[in-house]
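Listing of final.txt; format and content: compact mmCIF, C-alpha atoms.
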```txt
# COMPACT_ATOMS: atom_id res chain seq x y z
CA MET A 1 0.00 0.00 0.00
CA SER A 2 1.33 3.40 -0.97
CA ILE A 3 2.15 6.02 1.63
CA THR A 4 -0.28 8.45 -0.04
CA SER A 5 -3.13 6.11 0.89
CA TYR A 6 -1.96 5.59 4.50
CA ASN A 7 -4.54 7.95 5.99
CA GLY A 8 -7.13 8.02 3.18
CA SER A 9 -8.66 11.16 1.68
CA ALA A 10 -11.11 12.60 -0.82
CA LEU A 11 -10.85 16.13 -2.10
CA VAL A 12 -12.70 18.04 -4.81
CA ALA A 13 -13.11 21.63 -6.00
CA MET A 14 -15.52 23.07 -8.59
CA LEU A 15 -15.95 26.35 -10.41
CA GLY A 16 -19.30 28.12 -10.37
CA LYS A 17 -20.53 31.47 -11.59
CA ASN A 18 -18.31 34.03 -9.80
CA CYS A 19 -17.82 31.48 -7.05
CA PHE A 20 -16.14 28.20 -6.29
CA ALA A 21 -16.68 25.24 -3.99
CA ILE A 22 -14.10 23.07 -2.28
CA ALA A 23 -14.99 19.93 -0.34
CA SER A 24 -13.30 17.05 1.43
CA ASP A 25 -14.05 14.01 3.54
CA ARG A 26 -13.37 14.06 7.30
CA ARG A 27 -11.77 10.72 8.02
CA LEU A 28 -8.39 10.25 9.63
CA GLY A 29 -7.33 6.64 9.51
CA VAL A 30 -4.26 4.49 9.75
CA ASN A 31 -4.77 2.13 6.82
CA PHE A 32 -8.13 0.48 7.55
CA GLN A 33 -8.34 1.65 11.18
CA THR A 34 -10.31 4.85 11.73
CA ILE A 35 -8.73 7.20 14.28
CA ALA A 36 -11.02 10.21 14.01
CA THR A 37 -13.90 11.53 11.98
CA ASP A 38 -13.26 15.26 12.26
CA TYR A 39 -9.98 15.64 10.43
CA GLN A 40 -9.31 18.92 8.60
CA ARG A 41 -7.81 18.85 5.11
CA ILE A 42 -9.08 22.18 3.77
CA PHE A 43 -7.51 25.35 5.07
CA GLU A 44 -8.16 29.04 4.59
CA ILE A 45 -5.16 31.04 3.40
CA HIS A 46 -7.15 34.28 3.21
CA GLU A 47 -10.87 35.11 2.84
CA LYS A 48 -10.88 34.27 -0.88
CA LEU A 49 -8.21 31.60 -1.08
CA TYR A 50 -8.41 28.03 0.12
CA ILE A 51 -6.11 25.06 -0.11
CA GLY A 52 -7.06 21.42 0.26
CA LEU A 53 -4.32 18.89 0.93
CA SER A 54 -4.93 15.21 0.24
CA GLY A 55 -2.54 12.43 1.13
CA LEU A 56 -0.38 11.77 4.19
CA GLY A 57 -1.80 13.46 7.30
CA THR A 58 1.52 14.51 8.78
CA ASP A 59 2.57 16.23 5.56
CA VAL A 60 -0.83 17.90 5.28
CA GLN A 61 -0.15 19.57 8.64
CA THR A 62 3.50 20.41 7.94
CA LEU A 63 2.78 21.78 4.49
CA TYR A 64 -0.13 23.88 5.70
CA GLN A 65 2.00 25.38 8.47
CA ARG A 66 4.77 26.25 6.00
CA LEU A 67 2.34 27.73 3.45
CA LYS A 68 0.53 29.78 6.08
CA PHE A 69 3.91 31.07 7.27
CA ARG A 70 4.99 32.03 3.74
CA HIS A 71 1.69 33.79 3.10
CA LYS A 72 2.00 35.78 6.33
CA LEU A 73 5.50 36.90 5.32
CA TYR A 74 4.13 37.93 1.92
CA GLN A 75 1.34 39.91 3.60
CA LEU A 76 3.85 41.76 5.77
CA ARG A 77 6.18 42.56 2.90
CA GLU A 78 3.58 43.42 0.25
CA GLU A 79 0.70 44.63 2.42
CA ARG A 80 -1.79 42.67 0.34
CA ASN A 81 -3.03 39.13 -0.10
CA MET A 82 -1.60 36.68 -2.60
CA ARG A 83 -3.40 36.16 -5.88
CA PRO A 84 -4.52 32.55 -6.32
CA GLU A 85 -2.20 32.12 -9.35
CA THR A 86 0.77 33.36 -7.32
CA PHE A 87 -0.10 31.08 -4.44
CA ALA A 88 -0.37 28.10 -6.79
CA SER A 89 3.15 28.86 -8.04
CA LEU A 90 4.38 29.10 -4.45
CA VAL A 91 2.88 25.70 -3.63
CA SER A 92 4.37 24.22 -6.78
CA ALA A 93 7.83 25.65 -6.04
CA MET A 94 7.76 24.49 -2.42
CA LEU A 95 6.83 20.98 -3.46
CA TYR A 96 9.50 20.81 -6.15
CA GLU A 97 12.12 21.93 -3.61
CA LYS A 98 11.64 18.47 -2.16
CA ARG A 99 11.84 16.72 -5.54
CA PHE A 100 13.77 13.70 -4.26
CA GLY A 101 12.15 13.41 -0.84
CA PRO A 102 8.70 14.80 -1.43
CA TYR A 103 5.78 15.68 0.82
CA PHE A 104 3.19 13.00 0.10
CA CYS A 105 0.41 15.50 -0.59
CA GLU A 106 -1.52 16.43 -3.69
CA PRO A 107 -2.91 19.91 -3.14
CA ILE A 108 -5.93 21.61 -4.62
CA ILE A 109 -5.80 25.40 -4.70
CA ALA A 110 -9.03 27.33 -5.11
CA GLY A 111 -9.50 31.06 -4.93
CA LEU A 112 -11.23 34.18 -6.15
CA SER A 113 -9.15 36.91 -7.78
CA GLU A 114 -9.43 40.64 -6.95
CA ASP A 115 -12.23 41.03 -9.54
CA ASN A 116 -13.89 37.81 -8.32
CA VAL A 117 -12.89 35.50 -11.15
CA PRO A 118 -12.74 31.98 -9.69
CA PHE A 119 -9.59 29.91 -10.07
CA ILE A 120 -8.88 26.25 -9.35
CA CYS A 121 -5.71 24.31 -9.77
CA THR A 122 -4.13 21.10 -8.59
CA THR A 123 -0.59 19.80 -8.49
CA ASP A 124 0.97 16.40 -8.02
CA LEU A 125 3.19 15.65 -5.05
CA ILE A 126 6.26 17.17 -6.70
CA GLY A 127 4.50 20.33 -7.79
CA ALA A 128 3.43 19.85 -11.43
CA LYS A 129 0.59 22.36 -11.83
CA GLN A 130 -2.63 21.48 -13.62
CA TYR A 131 -5.13 24.30 -14.19
CA SER A 132 -8.75 23.50 -14.75
CA SER A 133 -11.82 25.33 -15.99
CA ASP A 134 -14.42 23.03 -14.45
CA PHE A 135 -13.40 20.78 -11.51
CA VAL A 136 -10.36 19.16 -9.91
CA VAL A 137 -10.14 16.07 -7.72
CA SER A 138 -7.50 14.52 -5.50
CA GLY A 139 -7.00 11.79 -2.90
CA THR A 140 -7.66 8.07 -2.63
CA ALA A 141 -11.22 8.50 -3.91
CA SER A 142 -10.08 10.45 -6.98
CA GLU A 143 -11.12 7.81 -9.54
CA SER A 144 -14.69 7.68 -8.34
CA LEU A 145 -14.72 11.47 -7.91
CA TYR A 146 -13.79 11.88 -11.59
CA GLY A 147 -16.78 9.77 -12.59
CA ALA A 148 -19.20 11.55 -10.29
CA CYS A 149 -17.98 15.03 -11.24
CA GLU A 150 -17.98 14.31 -14.96
CA SER A 151 -21.61 13.23 -14.86
CA MET A 152 -22.90 15.83 -12.39
CA TYR A 153 -20.95 19.01 -13.14
CA LYS A 154 -22.47 21.86 -15.12
CA PRO A 155 -20.71 25.15 -15.84
CA ASP A 156 -21.77 28.51 -14.35
CA LEU A 157 -23.82 27.18 -11.45
CA GLU A 158 -25.07 29.54 -8.75
CA PRO A 159 -23.70 28.95 -5.21
CA ASP A 160 -26.72 26.96 -3.97
CA ASP A 161 -26.76 24.65 -6.98
CA LEU A 162 -23.00 24.29 -6.86
CA PHE A 163 -23.28 23.13 -3.25
CA GLU A 164 -25.77 20.42 -4.23
CA VAL A 165 -23.57 19.18 -7.06
CA ILE A 166 -20.32 19.07 -5.11
CA ALA A 167 -21.96 17.53 -2.02
CA GLN A 168 -23.65 14.78 -4.05
CA ALA A 169 -20.45 14.11 -6.01
CA LEU A 170 -18.41 13.80 -2.81
CA ILE A 171 -20.91 11.68 -0.90
CA SER A 172 -21.47 9.23 -3.74
CA SER A 173 -17.74 8.92 -4.48
CA VAL A 174 -16.53 8.17 -0.98
CA ASP A 175 -19.02 5.31 -0.71
CA ARG A 176 -16.89 3.46 -3.28
CA ASP A 177 -13.64 4.05 -1.39
CA CYS A 178 -12.94 2.13 1.83
CA ILE A 179 -10.46 4.56 3.31
CA SER A 180 -12.18 7.89 2.87
CA GLY A 181 -15.59 9.17 3.92
CA TRP A 182 -17.16 9.47 7.36
CA GLY A 183 -19.00 12.63 6.38
CA GLY A 184 -17.67 15.65 4.58
CA ILE A 185 -17.18 19.38 4.67
CA VAL A 186 -18.01 21.87 1.91
CA HIS A 187 -16.94 25.49 1.59
CA ILE A 188 -18.75 27.66 -0.96
CA VAL A 189 -16.83 30.89 -1.55
CA THR A 190 -18.67 33.79 -3.18
CA PRO A 191 -17.46 37.39 -3.56
CA ASP A 192 -19.19 38.51 -0.36
CA GLN A 193 -19.45 35.42 1.85
CA VAL A 194 -18.18 31.95 2.63
CA ILE A 195 -20.72 29.24 3.36
CA THR A 196 -19.39 26.22 5.23
CA LYS A 197 -21.50 23.13 5.68
CA THR A 198 -20.69 19.74 7.11
CA LEU A 199 -22.22 16.68 5.50
CA ARG A 200 -23.30 13.39 6.96
CA GLY A 201 -22.92 10.49 4.61
CA ARG A 202 -22.64 6.82 5.40
CA MET A 203 -21.09 6.95 8.83
CA ASP A 204 -19.68 3.43 8.71
CA MET B 1 2.27 -6.27 22.69
CA GLU B 2 2.03 -2.70 23.83
CA CYS B 3 -1.24 -0.98 24.70
CA LEU B 4 -1.97 2.64 25.34
CA PHE B 5 -5.24 4.51 25.52
CA GLY B 6 -6.79 7.68 26.84
CA ILE B 7 -10.17 9.16 27.66
CA GLN B 8 -11.25 12.75 28.12
CA GLY B 9 -14.10 13.12 30.56
CA ASP B 10 -15.80 15.83 32.57
CA LYS B 11 -13.04 18.15 33.86
CA PHE B 12 -10.38 15.45 33.64
CA ALA B 13 -8.41 13.39 31.15
CA LEU B 14 -6.83 10.06 31.86
CA LEU B 15 -4.21 7.90 30.23
CA VAL B 16 -3.69 4.19 30.62
CA ALA B 17 -0.57 2.33 29.52
CA ASP B 18 0.75 -1.16 29.90
CA THR B 19 3.92 -1.44 31.99
CA SER B 20 5.73 -4.30 30.29
CA GLN B 21 9.24 -4.11 28.99
CA VAL B 22 9.60 -6.87 26.42
CA GLN B 23 12.55 -8.03 24.42
CA SER B 24 11.94 -10.81 21.93
CA ILE B 25 9.96 -13.48 23.83
CA VAL B 26 11.17 -12.37 27.26
CA VAL B 27 9.24 -10.08 29.56
CA GLN B 28 12.08 -8.26 31.25
CA LYS B 29 10.02 -6.06 33.51
CA THR B 30 6.36 -5.54 34.34
CA GLU B 31 6.59 -2.23 36.19
CA GLU B 32 8.02 0.08 33.56
CA ASP B 33 6.16 3.38 33.84
CA LYS B 34 5.41 4.61 30.32
CA ILE B 35 3.43 7.70 31.33
CA MET B 36 5.56 10.73 32.12
CA LEU B 37 4.55 13.89 33.94
CA LEU B 38 5.63 16.71 31.62
CA ASP B 39 4.80 19.45 34.10
CA SER B 40 2.23 20.03 36.83
CA HIS B 41 -0.75 19.64 34.46
CA LYS B 42 0.46 17.52 31.53
CA LEU B 43 0.91 13.82 30.88
CA LEU B 44 2.80 12.17 28.06
CA ALA B 45 2.30 8.47 27.45
CA THR B 46 4.58 6.78 24.95
CA ILE B 47 4.89 3.37 23.32
CA GLY B 48 7.29 2.17 20.67
CA GLU B 49 11.01 1.47 20.36
CA ASN B 50 12.18 1.56 23.97
CA GLY B 51 15.37 3.60 23.54
CA ASP B 52 13.58 6.19 21.41
CA ARG B 53 10.70 6.25 23.87
CA VAL B 54 12.79 7.19 26.86
CA GLN B 55 15.09 9.55 24.93
CA PHE B 56 12.28 11.41 23.19
CA SER B 57 9.96 11.77 26.18
CA GLU B 58 12.77 13.08 28.38
CA PHE B 59 13.80 15.50 25.63
CA ILE B 60 10.25 16.83 25.41
CA GLN B 61 9.85 17.02 29.19
CA LYS B 62 13.08 18.93 29.70
CA ASN B 63 12.32 21.40 26.90
CA ILE B 64 8.86 22.09 28.25
CA LEU B 65 10.33 22.75 31.69
CA LEU B 66 13.05 24.93 30.14
CA TYR B 67 10.37 27.04 28.45
CA GLN B 68 8.64 27.42 31.78
CA PHE B 69 11.82 28.51 33.59
CA ARG B 70 12.73 30.99 30.86
CA ASN B 71 9.33 32.59 30.43
CA GLY B 72 7.73 32.14 33.81
CA ILE B 73 4.54 30.71 32.32
CA PRO B 74 3.85 27.11 31.36
CA LEU B 75 2.96 26.02 27.83
CA SER B 76 -0.69 25.26 27.22
CA THR B 77 -1.55 21.66 26.43
CA SER B 78 -2.16 22.48 22.78
CA ALA B 79 1.17 24.31 22.58
CA ALA B 80 2.99 21.40 24.18
CA ALA B 81 1.30 18.96 21.79
CA ASN B 82 2.20 21.09 18.78
CA PHE B 83 5.78 21.46 19.99
CA THR B 84 6.09 17.69 20.37
CA CYS B 85 4.55 17.19 16.94
CA GLY B 86 6.98 19.70 15.43
CA GLU B 87 10.01 17.98 16.93
CA LEU B 88 8.77 14.62 15.70
CA ALA B 89 8.04 15.96 12.20
CA HIS B 90 11.48 17.57 12.08
CA ALA B 91 13.12 14.26 12.98
CA LEU B 92 10.88 12.27 10.63
CA ARG B 93 12.92 12.81 7.47
CA LYS B 94 16.32 12.69 9.19
CA ASN B 95 16.50 10.26 12.04
CA PRO B 96 12.98 9.32 13.07
CA TYR B 97 11.91 8.36 16.56
CA PHE B 98 9.69 5.28 16.47
CA VAL B 99 7.40 6.50 19.21
CA ASN B 100 3.61 6.72 19.29
CA MET B 101 2.10 8.79 22.02
CA MET B 102 -0.89 10.41 23.65
CA ILE B 103 -0.76 13.72 25.46
CA ALA B 104 -3.27 14.71 28.13
CA GLY B 105 -3.43 18.02 29.91
CA TYR B 106 -5.59 20.46 31.79
CA ASP B 107 -5.66 24.23 31.22
CA SER B 108 -7.64 26.63 33.37
CA GLU B 109 -9.42 28.21 30.35
CA GLU B 110 -9.55 25.24 27.97
CA GLY B 111 -10.30 22.52 30.48
CA PRO B 112 -9.04 19.00 29.83
CA SER B 113 -7.71 17.93 26.45
CA LEU B 114 -6.33 14.80 24.87
CA TYR B 115 -4.10 14.48 21.80
CA TYR B 116 -3.22 11.56 19.55
CA LEU B 117 0.26 11.72 18.04
CA ASP B 118 1.82 8.91 16.03
CA TYR B 119 5.45 8.34 15.00
CA ILE B 120 5.03 10.04 11.63
CA ALA B 121 3.83 13.15 13.48
CA THR B 122 0.10 13.10 12.75
CA LEU B 123 -1.39 15.19 15.54
CA HIS B 124 -5.08 15.14 16.28
CA LYS B 125 -7.21 16.27 19.19
CA VAL B 126 -9.48 13.44 20.29
CA LYS B 127 -11.97 12.52 22.99
CA THR B 128 -10.84 8.91 23.12
CA GLY B 129 -7.87 7.29 21.49
CA ALA B 130 -5.83 4.11 21.51
CA LEU B 131 -2.48 2.99 20.17
CA GLY B 132 -0.63 -0.30 19.89
CA TYR B 133 -2.11 -3.77 19.43
CA GLY B 134 -4.70 -3.14 22.14
CA ALA B 135 -6.26 -0.49 19.89
CA TYR B 136 -7.68 -3.18 17.60
CA PHE B 137 -9.96 -4.34 20.40
CA ILE B 138 -10.69 -1.28 22.47
CA LEU B 139 -11.35 1.45 19.88
CA SER B 140 -14.74 -0.12 19.21
CA LEU B 141 -15.31 -0.62 22.93
CA MET B 142 -14.68 3.04 23.61
CA ASP B 143 -16.92 4.09 20.70
CA LYS B 144 -19.74 2.08 22.24
CA PHE B 145 -19.37 3.05 25.88
CA TYR B 146 -17.90 6.56 25.76
CA SER B 147 -20.26 9.40 26.49
CA LYS B 148 -19.53 13.09 26.34
CA ASN B 149 -18.36 14.57 29.68
CA MET B 150 -18.48 11.22 31.44
CA SER B 151 -17.72 11.14 35.16
CA LEU B 152 -14.50 9.74 36.59
CA ASP B 153 -16.29 6.68 37.95
CA ALA B 154 -17.87 5.95 34.58
CA ALA B 155 -14.53 6.44 32.84
CA LEU B 156 -12.77 4.08 35.23
CA GLU B 157 -15.46 1.50 34.60
CA LEU B 158 -14.71 1.87 30.87
CA VAL B 159 -10.96 1.59 31.53
CA ASP B 160 -11.51 -1.69 33.34
CA LYS B 161 -13.70 -2.94 30.48
CA CYS B 162 -10.88 -2.10 28.09
CA ILE B 163 -8.21 -3.81 30.17
CA LEU B 164 -10.38 -6.89 30.54
CA GLU B 165 -10.93 -6.99 26.77
CA ILE B 166 -7.19 -6.71 26.10
CA LYS B 167 -6.45 -9.47 28.58
CA THR B 168 -9.05 -11.79 27.08
CA ARG B 169 -8.53 -11.19 23.36
CA LEU B 170 -4.94 -10.04 22.81
CA MET B 171 -2.29 -12.69 22.42
CA GLY B 172 0.63 -11.82 24.68
CA ALA B 173 -1.40 -9.31 26.62
CA PRO B 174 0.55 -7.27 29.17
CA PRO B 175 -0.26 -8.20 32.79
CA ASN B 176 -0.01 -4.79 34.44
CA PHE B 177 -1.33 -1.34 33.61
CA VAL B 178 -0.88 2.11 35.11
CA ILE B 179 -3.61 4.76 35.10
CA LYS B 180 -2.70 8.43 35.37
CA ILE B 181 -5.07 11.33 35.53
CA VAL B 182 -4.91 15.08 35.00
CA ASP B 183 -7.50 17.55 36.27
CA GLU B 184 -7.55 20.99 37.89
CA ASN B 185 -5.57 19.63 40.83
CA GLY B 186 -2.73 18.54 38.59
CA ALA B 187 -1.31 15.48 36.91
CA ARG B 188 -0.73 12.42 39.04
CA GLU B 189 -0.59 8.67 39.19
CA PHE B 190 -4.07 7.41 39.92
CA ALA B 191 -4.03 3.65 40.14
CA TRP B 192 -2.44 0.44 38.97
CA ARG B 193 -4.17 -2.61 37.61
CA LYS B 194 -1.87 -5.48 38.40
CA SER B 195 -2.16 -9.18 37.79
CA VAL B 196 1.47 -10.05 38.56
CA GLU B 197 3.91 -8.67 41.10
CA ASP B 198 7.42 -7.97 39.93
CA ASN B 199 9.71 -9.86 42.29
CA THR B 200 12.51 -10.35 39.84
CA GLY B 201 16.08 -9.18 40.09
CA PRO B 202 19.27 -10.45 41.65
CA PRO B 203 19.33 -11.33 45.40
CA SER B 204 21.26 -8.13 46.07
CA SER B 205 18.25 -6.08 44.98
CA ALA B 206 16.00 -7.69 47.59
CA PRO B 207 15.05 -5.38 50.47
CA ALA B 208 17.25 -5.63 53.54
CA PRO B 209 15.77 -7.64 56.44
CA LEU B 210 14.22 -5.48 59.12
CA THR B 211 16.10 -6.95 62.06
CA PRO B 212 19.82 -7.62 61.90
CA VAL B 213 20.55 -11.30 61.57
CA GLU B 214 22.21 -12.74 64.62
CA VAL B 215 25.48 -14.35 63.81
CA SER B 216 26.61 -16.94 66.28
CA SER B 217 30.32 -16.87 66.69
CA GLN B 218 32.26 -19.89 67.66
CA ALA B 219 35.43 -18.32 68.88
```
As structure tokens, please, write out the structure in this file.
Amino acid sequence: MSITSYNGSALVAMLGKNCFAIASDRRLGVNFQTIATDYQRIFEIHEKLYIGLSGLGTDVQTLYQRLKFRHKLYQLREERNMRPETFASLVSAMLYEKRFGPYFCEPIIAGLSEDNVPFICTTDLIGAKQYSSDFVVSGTASESLYGACESMYKPDLEPDDLFEVIAQALISSVDRDCISGWGGIVHIVTPDQVITKTLRGRMD
Amino acid sequence: MECLFGIQGDKFALLVADTSQVQSIVVQKTEEDKIMLLDSHKLLATIGENGDRVQFSEFIQKNILLYQFRNGIPLSTSAAANFTCGELAHALRKNPYFVNMMIAGYDSEEGPSLYYLDYIATLHKVKTGALGYGAYFILSLMDKFYSKNMSLDAALELVDKCILEIKTRLMGAPPNFVIKIVDENGAREFAWRKSVEDNTGPPSSAPAPLTPVEVSSQA
């Protein structure tokens, strides 16, 4: 079993009309043993920028701490927030720094630009960026997430409809993956508010 | 077959660890205390490679005390847990410590808290947690019988259920366990659950007789 599937994870982000949604499961496991069902994989960098980190739990925490630190330094030096594109490049560069001893995380970066254009992007564990204009998935449930997203996603959805689509895609995907699930969490980010909802799926 | 678990209850948190020191098929000791008092209101229970266990827990304890001496205020439980996690994560890609642990503490504002921390430095705040081979049997037991803000008596009843389960179902179950507790009055040893007494050791380690032995001299 690969180290990226040691803890188990499911992560997805979708673009909507002037908004985006990012969602993940909540399980923390050690292989097939469940340790906790309130694990956090999605983190706020600033009000309009979120990062989700799938993969090895320890590296999720380490990487988030380092990224948060780098963003705080940027804020102090530049007196502004990072653009999502800039942040994606930072993530990519930090991952590639560890090319031959990588962090076992595949991040999803989702944000709104200054003029509220949504942006989503994913990278592999050594920082190869992949931009997307519809949805991105990551984690041990990524195969089933691709299927669910491809059949459910529609472009330019309003926040409420986008929530339904991403929640249904996540819930149905994790049911086909043994090591992710145990409920989920969804963040819908619009220009003037962030809606966070926790989901209950199959809690077994 | 090491076992370690913890429960957070109403205004207290407790940790239970086995006290066996095993090498290969030999039980060398059954009174090895694996739960360390980090400071007045923190407990650190460790299982894993024995050398790493002792070295790492002492390193953490001394650094937490050093912080307290330097700054005049103790670290909060969450700060201590994050410090421990950071040290473990730092070592992970260099010279890892093979130590799994649980940290329990009590803060005046936060109340009791319990943290799960494994050897690859995954830190998570939990209400109940278990590590080692015992975890396979007692995680489900704790899910079933744990209730939010349970009383000390109820928690001890659950602890005894867990120990009984380990002793009945785990091959090579450890005979003795130590229970330590932390609440507003501080961290302390609470009780032992023993099924064997440790009377091993060379004759020289035996306690001296109370009355001096009379030696008859035949001069």
Pick from B:Gln8, B:Ala80, B:Asp33, B:Ala173, whichever lies nearest to Val126 in chain B using all atoms listed in the file: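 For Val126 in chain B, the nearest of the given residues is B:Gln8.
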What are the closest atom pairs, with distances in Å to one decimal, for all residues of chain A lying within 12 Å of chain B? Consider all atoms listed in the file, order rows by chain and residue number, and present the result as JSON lines.
```
{"residue": "A:Ile3", "atom": "CA", "partner": "B:Ile120", "partner_atom": "CA", "distance": 11.2}
{"residue": "A:Tyr6", "atom": "CA", "partner": "B:Ile120", "partner_atom": "CA", "distance": 10.9}
{"residue": "A:Asn7", "atom": "CA", "partner": "B:Thr122", "partner_atom": "CA", "distance": 9.7}
{"residue": "A:Arg27", "atom": "CA", "partner": "B:His124", "partner_atom": "CA", "distance": 11.5}
{"residue": "A:Leu28", "atom": "CA", "partner": "B:His124", "partner_atom": "CA", "distance": 8.9}
{"residue": "A:Gly29", "atom": "CA", "partner": "B:Thr122", "partner_atom": "CA", "distance": 10.4}
{"residue": "A:Val30", "atom": "CA", "partner": "B:Asp118", "partner_atom": "CA", "distance": 9.8}
{"residue": "A:Phe32", "atom": "CA", "partner": "B:Tyr136", "partner_atom": "CA", "distance": 10.7}
{"residue": "A:Gln33", "atom": "CA", "partner": "B:Tyr136", "partner_atom": "CA", "distance": 8.1}
{"residue": "A:Thr34", "atom": "CA", "partner": "B:Leu139", "partner_atom": "CA", "distance": 8.9}
{"residue": "A:Ile35", "atom": "CA", "partner": "B:Gly129", "partner_atom": "CA", "distance": 7.3}
{"residue": "A:Ala36", "atom": "CA", "partner": "B:Val126", "partner_atom": "CA", "distance": 7.2}
{"residue": "A:Thr37", "atom": "CA", "partner": "B:Val126", "partner_atom": "CA", "distance": 9.6}
{"residue": "A:Asp38", "atom": "CA", "partner": "B:Val126", "partner_atom": "CA", "distance": 9.1}
{"residue": "A:Tyr39", "atom": "CA", "partner": "B:His124", "partner_atom": "CA", "distance": 7.6}
{"residue": "A:Gln40", "atom": "CA", "partner": "B:His124", "partner_atom": "CA", "distance": 9.5}
{"residue": "A:Gly55", "atom": "CA", "partner": "B:Thr122", "partner_atom": "CA", "distance": 11.9}
{"residue": "A:Leu56", "atom": "CA", "partner": "B:Thr122", "partner_atom": "CA", "distance": 8.7}
{"residue": "A:Gly57", "atom": "CA", "partner": "B:Thr122", "partner_atom": "CA", "distance": 5.8}
{"residue": "A:Thr58", "atom": "CA", "partner": "B:Thr122", "partner_atom": "CA", "distance": 4.4}
{"residue": "A:Asp59", "atom": "CA", "partner": "B:Thr122", "partner_atom": "CA", "distance": 8.2}
{"residue": "A:Val60", "atom": "CA", "partner": "B:Thr122", "partner_atom": "CA", "distance": 8.9}
{"residue": "A:Gln61", "atom": "CA", "partner": "B:Thr122", "partner_atom": "CA", "distance": 7.7}
{"residue": "A:Thr62", "atom": "CA", "partner": "B:Ala89", "partner_atom": "CA", "distance": 7.7}
{"residue": "A:Leu63", "atom": "CA", "partner": "B:Ala89", "partner_atom": "CA", "distance": 11.0}
{"residue": "A:Gln65", "atom": "CA", "partner": "B:Gly86", "partner_atom": "CA", "distance": 10.3}
{"residue": "A:Arg66", "atom": "CA", "partner": "B:Gly86", "partner_atom": "CA", "distance": 11.7}
{"residue": "A:Lys98", "atom": "CA", "partner": "B:Arg93", "partner_atom": "CA", "distance": 11.2}
{"residue": "A:Phe100", "atom": "CA", "partner": "B:Arg93", "partner_atom": "CA", "distance": 11.8}
{"residue": "A:Gly101", "atom": "CA", "partner": "B:Arg93", "partner_atom": "CA", "distance": 8.4}
{"residue": "A:Pro102", "atom": "CA", "partner": "B:Arg93", "partner_atom": "CA", "distance": 10.0}
{"residue": "A:Tyr103", "atom": "CA", "partner": "B:Arg93", "partner_atom": "CA", "distance": 10.2}
```
- prompt: Nearest to Ser172 in chain A: which of A:Leu15, A:Ile185, A:Met203, A:Ala148 is it, counting only C-alpha atoms?
  reply: A:Ala148
Atomic distance CA of Asp18 in chain B - CA of Pro112 in chain B, expressed in Å with one decimal: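 Going from CA of Asp18 in chain B over to CA of Pro112 in chain B covers 22.4 Å.
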- request: Could you jot down the CA of Gly6 in chain B to CA of Met101 in chain B separation for me, Å, one decimal place?
  value: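 Taking CA of Gly6 in chain B and CA of Met101 in chain B, their separation equals 10.2 Å.
When all atoms listed in the file are used to compute distances to Cys149 in chain A, the closest of the residues A:Ser173, A:Asn18, A:Thr86, A:Ser24 turns out to be A:Ser173.
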query: Please, what distance in Å, to one decimal, runs between CA of Asp177 in chain A and CA of Asp124 in chain A?
result: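 Computed distance, CA of Asp177 in chain A to CA of Asp124 in chain A, equals 20.2 Å.
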Proximity to Leu114 in chain B - best of B:Lys29, B:Lys161, B:Lys167, B:Lys42, all atoms listed in the file: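 Selected residue with least distance to Leu114 in chain B: B:Lys42.
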query: When distances are computed from all atoms listed in the file, which of B:Ile73, B:Cys162, B:Ala13, B:Met36 shows the smallest separation from Gln61 in chain B?
result: B:Met36
- request: Write out as a PyMOL selection string each polymer residue whose atoms come within 7 Å of Phe119 in chain A, counting all atoms listed in the file; drop sequence neighbours fewer than 5 positions from it.
  value: chain A and resi 84+110-112
What are the centre and the three edge lengths of an axis-aligned box that wraps all atoms of range 90-109 of chain B in the file, given that 5 Å is added to every side, written as lines of an AutoDock Vina configuration file and rounded to one decimal in Å?
```
center_x = 3.5
center_y = 16.7
center_z = 20.4
size_x = 35.9
size_y = 32.9
size_z = 35.9
```
message: Which residues are near range 141-150 of chain B? Cut-off 7 Å, all atoms listed in the file, ignore same chain within fewer than 6 positions. Put them as a ChimeraX atom specification.
response: /B:9-10,158,162
- line: Min atom-atom distance to Met1 in chain A from the set A:Ile120, A:Met14, A:Ile179, A:Val194, counting only C-alpha atoms, belongs to A:Ile179
